[in-house]
>>> print(open('protein.cif').read())   # mmCIF, C-alpha atoms
data_start
#
loop_
_atom_site.label_atom_id
_atom_site.label_comp_id
_atom_site.auth_asym_id
_atom_site.auth_seq_id
_atom_site.Cartn_x
_atom_site.Cartn_y
_atom_site.Cartn_z
CA MET A 1 97.10 98.53 129.20
CA GLU A 2 94.66 96.67 131.47
CA ASN A 3 92.71 95.43 128.46
CA GLU A 4 95.95 94.21 126.88
CA LYS A 5 96.77 92.24 130.04
CA ASN A 6 93.31 90.69 130.08
CA SER A 7 93.58 89.78 126.41
CA LEU A 8 97.02 88.24 126.89
CA PHE A 9 96.30 86.02 129.89
CA ASN A 10 92.53 85.48 130.12
CA ARG A 11 92.33 83.64 126.81
CA ASN A 12 93.98 80.61 128.47
CA LYS A 13 91.97 80.69 131.71
CA ILE A 14 90.30 77.37 132.54
CA LYS A 15 86.97 77.74 134.31
CA ILE A 16 86.03 74.20 135.30
CA ILE A 17 88.32 71.33 136.33
CA THR A 18 86.64 67.95 136.93
CA ASP A 19 87.86 65.04 139.03
CA GLY A 20 88.42 63.20 135.75
CA ASP A 21 90.68 66.02 134.57
CA ARG A 22 92.72 65.74 137.75
CA LEU A 23 93.32 62.03 137.11
CA GLN A 24 95.65 63.08 134.30
CA PHE A 25 98.32 63.73 136.94
CA SER A 26 98.62 59.97 137.39
CA ASN A 27 100.02 59.67 133.87
CA TYR A 28 103.24 61.46 134.74
CA LEU A 29 105.06 60.27 131.61
CA GLU A 30 103.01 62.71 129.55
CA ILE A 31 104.64 65.50 131.54
CA VAL A 32 108.10 64.02 130.92
CA LYS A 33 107.37 63.69 127.19
CA SER A 34 106.22 67.31 127.03
CA PHE A 35 109.43 68.43 128.73
CA ALA A 36 111.48 66.37 126.25
CA LYS A 37 109.84 68.21 123.35
CA ILE A 38 111.10 71.62 124.46
CA THR A 39 114.64 70.83 125.62
CA TYR A 40 117.75 70.24 123.54
CA GLN A 41 118.82 67.62 126.07
CA SER A 42 118.16 63.87 125.98
CA VAL A 43 115.62 62.73 128.53
CA TYR A 44 114.94 59.27 129.91
CA VAL A 45 113.38 57.65 132.97
CA ILE A 46 114.83 54.76 135.01
CA ASP A 47 112.51 52.39 136.90
CA TYR A 48 114.42 50.80 139.79
CA GLU A 49 111.67 48.30 140.56
CA TYR A 50 112.21 46.50 137.27
CA LEU A 51 115.70 47.88 136.54
CA LYS A 52 114.69 49.12 133.12
CA PHE A 53 114.18 52.30 131.14
CA GLU A 54 110.55 53.43 131.29
CA TYR A 55 110.89 56.21 128.74
CA VAL A 56 113.60 57.36 126.29
CA SER A 57 113.25 60.59 124.29
CA ASP A 58 113.97 60.70 120.58
CA ASN A 59 117.22 62.67 120.87
CA PRO A 60 120.29 61.51 118.89
CA LEU A 61 122.88 62.42 121.56
CA PHE A 62 121.95 59.69 124.03
CA LEU A 63 120.73 57.21 121.40
CA CYS A 64 124.23 56.69 119.94
CA GLY A 65 122.83 55.84 116.53
CA TYR A 66 120.05 53.58 117.79
CA SER A 67 116.34 54.36 117.78
CA SER A 68 114.64 55.36 121.02
CA GLU A 69 112.71 52.06 120.89
CA GLU A 70 115.96 50.07 120.64
CA VAL A 71 117.47 51.88 123.62
CA LEU A 72 114.24 51.41 125.58
CA ASP A 73 114.39 47.67 124.90
CA MET A 74 118.07 47.42 125.84
CA GLY A 75 117.59 49.10 129.20
CA TYR A 76 120.66 48.71 131.40
CA GLU A 77 122.31 46.64 128.69
CA PHE A 78 122.64 49.92 126.77
CA TYR A 79 125.35 51.03 129.20
CA PHE A 80 127.35 47.82 128.80
CA LYS A 81 127.21 48.08 125.02
CA ASN A 82 127.98 51.77 124.68
CA VAL A 83 130.15 52.90 127.60
CA PRO A 84 133.94 52.24 127.46
CA LYS A 85 135.23 49.76 130.06
CA GLU A 86 137.09 52.34 132.16
CA ASP A 87 134.00 54.54 132.33
CA LEU A 88 131.83 51.56 133.26
CA GLU A 89 134.08 51.07 136.27
CA LEU A 90 133.63 54.75 137.11
CA LEU A 91 129.84 54.43 136.82
CA SER A 92 129.92 51.49 139.21
CA ILE A 93 131.76 53.60 141.79
CA ILE A 94 129.38 56.52 141.29
CA ASN A 95 126.37 54.23 141.65
CA ASP A 96 127.61 52.64 144.88
CA LEU A 97 128.78 55.86 146.55
CA GLY A 98 125.81 57.83 145.28
CA PHE A 99 123.34 55.45 146.91
CA ASP A 100 125.53 55.32 150.04
CA PHE A 101 125.17 59.11 150.25
CA TYR A 102 121.44 58.85 149.68
CA ASP A 103 120.99 56.18 152.36
CA GLN A 104 122.32 58.61 154.97
CA LEU A 105 119.54 61.13 154.26
CA PRO A 106 116.30 61.26 156.27
CA LYS A 107 113.66 59.00 154.71
CA THR A 108 111.34 61.84 153.74
CA ASP A 109 110.29 63.62 150.54
CA GLU A 110 113.26 65.92 151.14
CA ARG A 111 115.27 63.25 149.31
CA LYS A 112 113.67 64.47 146.09
CA LEU A 113 115.58 67.77 146.47
CA TYR A 114 118.90 66.08 145.67
CA SER A 115 120.37 65.49 142.22
CA ILE A 116 123.65 64.05 140.99
CA SER A 117 125.75 65.12 138.00
CA TYR A 118 128.73 63.41 136.36
CA ASP A 119 130.51 62.98 133.03
CA PHE A 120 131.25 59.79 131.09
CA HIS A 121 131.80 58.67 127.50
CA LEU A 122 129.28 57.10 125.13
CA LYS A 123 130.58 55.35 122.04
CA GLY A 124 127.70 53.49 120.38
CA LYS A 125 127.90 53.83 116.60
CA TYR A 126 130.06 56.95 116.67
CA ASN A 127 133.61 56.91 115.32
CA LYS A 128 134.90 58.26 118.61
CA PRO A 129 133.41 58.23 122.12
CA VAL A 130 131.54 61.42 123.06
CA LEU A 131 131.89 62.88 126.56
CA ILE A 132 128.42 63.57 127.93
CA ASN A 133 127.10 65.08 131.13
CA HIS A 134 124.51 62.99 132.95
CA LYS A 135 122.16 64.42 135.57
CA LEU A 136 119.80 62.28 137.64
CA THR A 137 117.12 63.25 140.15
CA PRO A 138 114.42 61.20 141.92
CA LEU A 139 110.88 61.37 140.54
CA PHE A 140 109.18 58.97 142.97
CA LEU A 141 110.14 57.27 146.22
CA ASP A 142 108.70 54.04 147.59
CA GLY A 143 107.20 53.72 151.07
CA ASN A 144 110.67 53.22 152.58
CA GLY A 145 112.11 56.36 151.00
CA SER A 146 114.13 54.47 148.39
CA VAL A 147 114.32 55.84 144.83
CA TRP A 148 111.63 54.18 142.75
CA LYS A 149 111.89 56.17 139.49
CA SER A 150 114.46 58.76 138.38
CA LEU A 151 114.51 61.41 135.68
CA CYS A 152 117.78 61.55 133.72
CA ILE A 153 119.03 64.42 131.52
CA VAL A 154 121.91 64.01 129.05
CA SER A 155 123.83 66.83 127.34
CA ILE A 156 127.27 67.38 125.84
CA SER A 157 129.92 67.88 128.54
CA HIS A 158 132.15 70.94 128.21
CA ARG A 159 134.85 69.32 130.31
CA GLN A 160 137.82 67.30 129.13
CA ASN A 161 137.63 64.13 131.20
CA ALA A 162 135.12 61.71 132.69
CA GLY A 163 134.16 62.06 136.35
CA ASN A 164 133.39 65.52 137.78
CA VAL A 165 130.84 64.00 140.15
CA THR A 166 128.74 66.35 142.27
CA ILE A 167 125.54 66.17 144.31
CA GLN A 168 123.38 69.27 144.62
CA LYS A 169 120.49 70.00 146.96
CA GLU A 170 117.83 72.39 145.76
CA GLY A 171 118.00 75.65 147.71
CA SER A 172 121.24 74.78 149.51
CA ALA A 173 124.47 76.81 149.47
CA ILE A 174 126.39 73.54 149.88
CA PHE A 175 127.19 70.90 147.30
CA TRP A 176 129.14 67.66 147.57
CA LYS A 177 132.02 66.67 145.29
CA LEU A 178 133.15 63.06 144.97
CA ASP A 179 136.85 62.29 145.36
CA THR A 180 136.90 59.12 143.25
CA SER A 181 140.41 58.12 144.34
CA LYS A 182 139.60 58.25 148.06
CA LYS A 183 135.92 57.38 147.49
CA VAL A 184 134.64 60.10 149.81
CA TRP A 185 132.18 62.98 149.42
CA ILE A 186 133.56 66.44 150.20
CA ALA A 187 131.17 69.25 151.13
CA GLU A 188 131.93 72.63 149.54
CA HIS A 189 130.24 76.02 149.37
CA LYS A 190 128.81 77.00 146.01
CA SER A 191 130.78 79.65 144.15
CA LYS A 192 129.32 83.16 144.14
CA LEU A 193 129.94 85.95 141.69
CA LYS A 194 129.78 89.66 142.36
CA ASP A 195 127.06 91.61 140.54
CA LYS A 196 129.39 92.94 137.83
CA GLU A 197 130.91 89.51 137.22
CA LEU A 198 127.45 87.97 136.94
CA GLU A 199 126.34 90.69 134.52
CA ILE A 200 129.35 90.04 132.27
CA LEU A 201 128.76 86.30 132.32
CA ARG A 202 125.12 86.77 131.31
CA LEU A 203 126.08 89.11 128.47
CA TYR A 204 128.63 86.62 127.21
CA ALA A 205 125.95 83.91 127.34
CA GLN A 206 123.91 86.13 124.99
CA GLY A 207 126.74 85.92 122.44
CA LEU A 208 128.33 89.34 122.95
CA THR A 209 132.06 89.81 122.38
CA ILE A 210 134.38 91.44 124.92
CA ASN A 211 134.23 94.76 123.03
CA GLN A 212 130.43 94.61 122.82
CA ILE A 213 130.18 93.85 126.54
CA ALA A 214 132.49 96.78 127.30
CA GLU A 215 130.25 99.12 125.28
CA ARG A 216 127.10 97.78 126.93
CA ILE A 217 128.28 98.34 130.52
CA PHE A 218 130.41 101.47 129.78
CA VAL A 219 133.82 100.09 130.73
CA SER A 220 137.02 99.37 128.81
CA PRO A 221 137.70 95.96 127.23
CA ASP A 222 140.58 95.54 129.69
CA THR A 223 138.10 95.91 132.55
CA VAL A 224 135.93 93.17 131.04
CA LYS A 225 139.01 90.97 130.75
CA TYR A 226 139.77 91.63 134.43
CA TYR A 227 136.30 90.51 135.46
CA ARG A 228 136.61 87.53 133.14
CA ARG A 229 139.75 86.40 135.00
CA LYS A 230 137.91 86.79 138.31
CA ILE A 231 135.07 84.61 137.01
CA PHE A 232 137.55 81.92 135.96
CA GLU A 233 139.22 82.03 139.39
CA VAL A 234 135.94 81.72 141.28
CA PHE A 235 134.72 78.81 139.14
CA GLY A 236 138.12 77.14 138.74
CA VAL A 237 137.83 77.02 134.93
CA LYS A 238 140.01 78.05 132.00
CA ASN A 239 137.65 79.66 129.49
CA PHE A 240 134.18 81.12 129.03
CA THR A 241 132.78 77.86 127.62
CA GLU A 242 133.68 76.05 130.82
CA ALA A 243 132.44 79.01 132.87
CA LEU A 244 129.03 78.91 131.18
CA SER A 245 128.81 75.16 131.69
CA PHE A 246 129.70 75.55 135.36
CA ALA A 247 127.19 78.38 135.81
CA THR A 248 124.44 76.38 134.13
CA ASP A 249 125.15 73.21 136.10
CA ASN A 250 125.09 75.15 139.37
CA LYS A 251 122.07 77.32 138.45
CA ILE A 252 124.06 80.54 138.67
CA ILE A 253 122.56 81.87 135.43
#
>>> encode(input="protein.cif", output="structure tokens")
Amino acid sequence: MENEKNSLFNRNKIKIITDGDRLQFSNYLEIVKSFAKITYQSVYVIDYEYLKFEYVSDNPLFLCGYSSEEVLDMGYEFYFKNVPKEDLELLSIINDLGFDFYDQLPKTDERKLYSISYDFHLKGKYNKPVLINHKLTPLFLDGNGSVWKSLCIVSISHRQNAGNVTIQKEGSAIFWKLDTSKKVWIAEHKSKLKDKELEILRLYAQGLTINQIAERIFVSPDTVKYYRRKIFEVFGVKNFTEALSFATDNKII
């Protein structure tokens, strides 16, 4: 067994790292590009110094029928061309209130622990607008603690309407939800599942049916349905698709 462990891990062991090797960390976009290769989500980077896109991954969801080079060239103009008017107004509110929230935080690297998530429509060259989920987190801050560059992740939203704006802090049991009508942030405790509820949610995420889950954990299908209702109540959702989306967004599974 010990030899197997050595064979598995030691093959990739690096023995010497030079100062030149360490300079690679300065080219952070290579890291972003590597991440984009292994995720199903669209990835892009915003540079707030020049108000432009610094990198756009070659993923069709965010591109809306354009090439990644075209979207990169458009920069912020991409939003004005491809987001419906009512959602543009929503994005303006999110932008203003999001940075208002951020300005109240201590001007330290702790600001990098926060991320924001919200849903809006992209139309582009599609026949109908597509509701996407957009997550944004700071990559670099300037000397005053302001966001210099941000990493953005785009995926299909499993919700029905635009909005659903939340701010999360890494490692915190609290998150903040935006009331867009009153334009205020409301602090709430993150939802928690009991062990059995969490186990059922994970099994469903693996593609098992209710009957298969019941067989796996030695309970009746009715018991699985009971726990399913409890999951929906805790998350405030209507079906397992929404529950999985909620659990993923909030790092519950």
>>> atom_distance(input="protein.cif", atom1="CA of Lys135 in chain A", atom2="CA of Ile153 in chain A")
5.1 Å
>>> closest_residue(input="protein.cif", among="A:Thr180, A:Leu208, A:Phe235, A:Gln168", to="Lys192 in chain A", atoms="all atoms listed in the file")
A:Phe235
>>> closest_residue(input="protein.cif", among="A:Tyr66, A:Phe101, A:Tyr40, A:Trp176", to="Lys123 in chain A", atoms="all atoms listed in the file")
A:Tyr66
>>> atom_distance(input="protein.cif", atom1="CA of Ile186 in chain A", atom2="CA of Ser245 in chain A")
21.0 Å
>>> resolve_selection(input="protein.cif", expression="the PyMOL selection byres ((chain A and resi 82) around 8)", output="PDB file with C-alpha atoms, keeping the file's coordinate frame")
ATOM      1  CA  CYS A  64     124.230  56.690 119.940  1.00  0.00           C
ATOM      2  CA  PHE A  78     122.640  49.920 126.770  1.00  0.00           C
ATOM      3  CA  TYR A  79     125.350  51.030 129.200  1.00  0.00           C
ATOM      4  CA  PHE A  80     127.350  47.820 128.800  1.00  0.00           C
ATOM      5  CA  LYS A  81     127.210  48.080 125.020  1.00  0.00           C
ATOM      6  CA  VAL A  83     130.150  52.900 127.600  1.00  0.00           C
ATOM      7  CA  PRO A  84     133.940  52.240 127.460  1.00  0.00           C
ATOM      8  CA  LEU A 122     129.280  57.100 125.130  1.00  0.00           C
ATOM      9  CA  LYS A 123     130.580  55.350 122.040  1.00  0.00           C
ATOM     10  CA  GLY A 124     127.700  53.490 120.380  1.00  0.00           C
TER      11      GLY A 124
END
>>> resolve_selection(input="protein.cif", expression="the PyMOL selection byres ((chain A and resi 211) around 12)", output="PyMOL selection string")
chain A and resi 200+203-204+207-210+212-225
>>> write_last_selection(input="protein.cif", atoms="C-alpha atoms", output="short mmCIF file (atom, residue, chain, number, x, y, z; two decimals), in the coordinates of the input")
data_model
loop_
_atom_site.label_atom_id
_atom_site.label_comp_id
_atom_site.auth_asym_id
_atom_site.auth_seq_id
_atom_site.Cartn_x
_atom_site.Cartn_y
_atom_site.Cartn_z
CA ILE A 200 129.35 90.04 132.27
CA LEU A 203 126.08 89.11 128.47
CA TYR A 204 128.63 86.62 127.21
CA GLY A 207 126.74 85.92 122.44
CA LEU A 208 128.33 89.34 122.95
CA THR A 209 132.06 89.81 122.38
CA ILE A 210 134.38 91.44 124.92
CA GLN A 212 130.43 94.61 122.82
CA ILE A 213 130.18 93.85 126.54
CA ALA A 214 132.49 96.78 127.30
CA GLU A 215 130.25 99.12 125.28
CA ARG A 216 127.10 97.78 126.93
CA ILE A 217 128.28 98.34 130.52
CA PHE A 218 130.41 101.47 129.78
CA VAL A 219 133.82 100.09 130.73
CA SER A 220 137.02 99.37 128.81
CA PRO A 221 137.70 95.96 127.23
CA ASP A 222 140.58 95.54 129.69
CA THR A 223 138.10 95.91 132.55
CA VAL A 224 135.93 93.17 131.04
CA LYS A 225 139.01 90.97 130.75
#
>>> resolve_selection(input="protein.cif", expression="the PyMOL selection byres ((chain A and resi 120) around 9)", output="list in words")
Val83, Pro84, Asp87, Leu88, Leu90, Leu91, Tyr118, Asp119, His121, Leu122, Val130, Leu131, Ile132, Asn133, His134, Ser157, Asn161, Ala162 and Gly163 of chain A
>>> atom_distance(input="protein.cif", atom1="CA of Tyr226 in chain A", atom2="CA of Leu198 in chain A")
13.1 Å
>>> residues_near_point(input="protein.cif", point="(102.2, 56.6, 135.0)", cutoff="12 Å", atoms="all atoms listed in the file", output="list in words")
Leu23, Gln24, Phe25, Ser26, Asn27, Tyr28, Leu29, Glu30, Ile31, Val32, Lys33, Val45, Asp47, Glu54, Tyr55, Leu139, Phe140 and Lys149 of chain A
>>> write_last_selection(input="protein.cif", atoms="C-alpha atoms", output="short mmCIF file (atom, residue, chain, number, x, y, z; two decimals), keeping the file's coordinate frame")
data_model
loop_
_atom_site.label_atom_id
_atom_site.label_comp_id
_atom_site.auth_asym_id
_atom_site.auth_seq_id
_atom_site.Cartn_x
_atom_site.Cartn_y
_atom_site.Cartn_z
CA LEU A 23 93.32 62.03 137.11
CA GLN A 24 95.65 63.08 134.30
CA PHE A 25 98.32 63.73 136.94
CA SER A 26 98.62 59.97 137.39
CA ASN A 27 100.02 59.67 133.87
CA TYR A 28 103.24 61.46 134.74
CA LEU A 29 105.06 60.27 131.61
CA GLU A 30 103.01 62.71 129.55
CA ILE A 31 104.64 65.50 131.54
CA VAL A 32 108.10 64.02 130.92
CA LYS A 33 107.37 63.69 127.19
CA VAL A 45 113.38 57.65 132.97
CA ASP A 47 112.51 52.39 136.90
CA GLU A 54 110.55 53.43 131.29
CA TYR A 55 110.89 56.21 128.74
CA LEU A 139 110.88 61.37 140.54
CA PHE A 140 109.18 58.97 142.97
CA LYS A 149 111.89 56.17 139.49
#
>>> closest_residue(input="protein.cif", among="A:Leu141, A:Leu244, A:Ile252, A:Ile156", to="Ser191 in chain A", atoms="only C-alpha atoms")
A:Ile252
>>> closest_residue(input="protein.cif", among="A:Glu242, A:Glu86, A:Asp142, A:Asp195", to="Arg111 in chain A", atoms="all atoms listed in the file")
A:Asp142
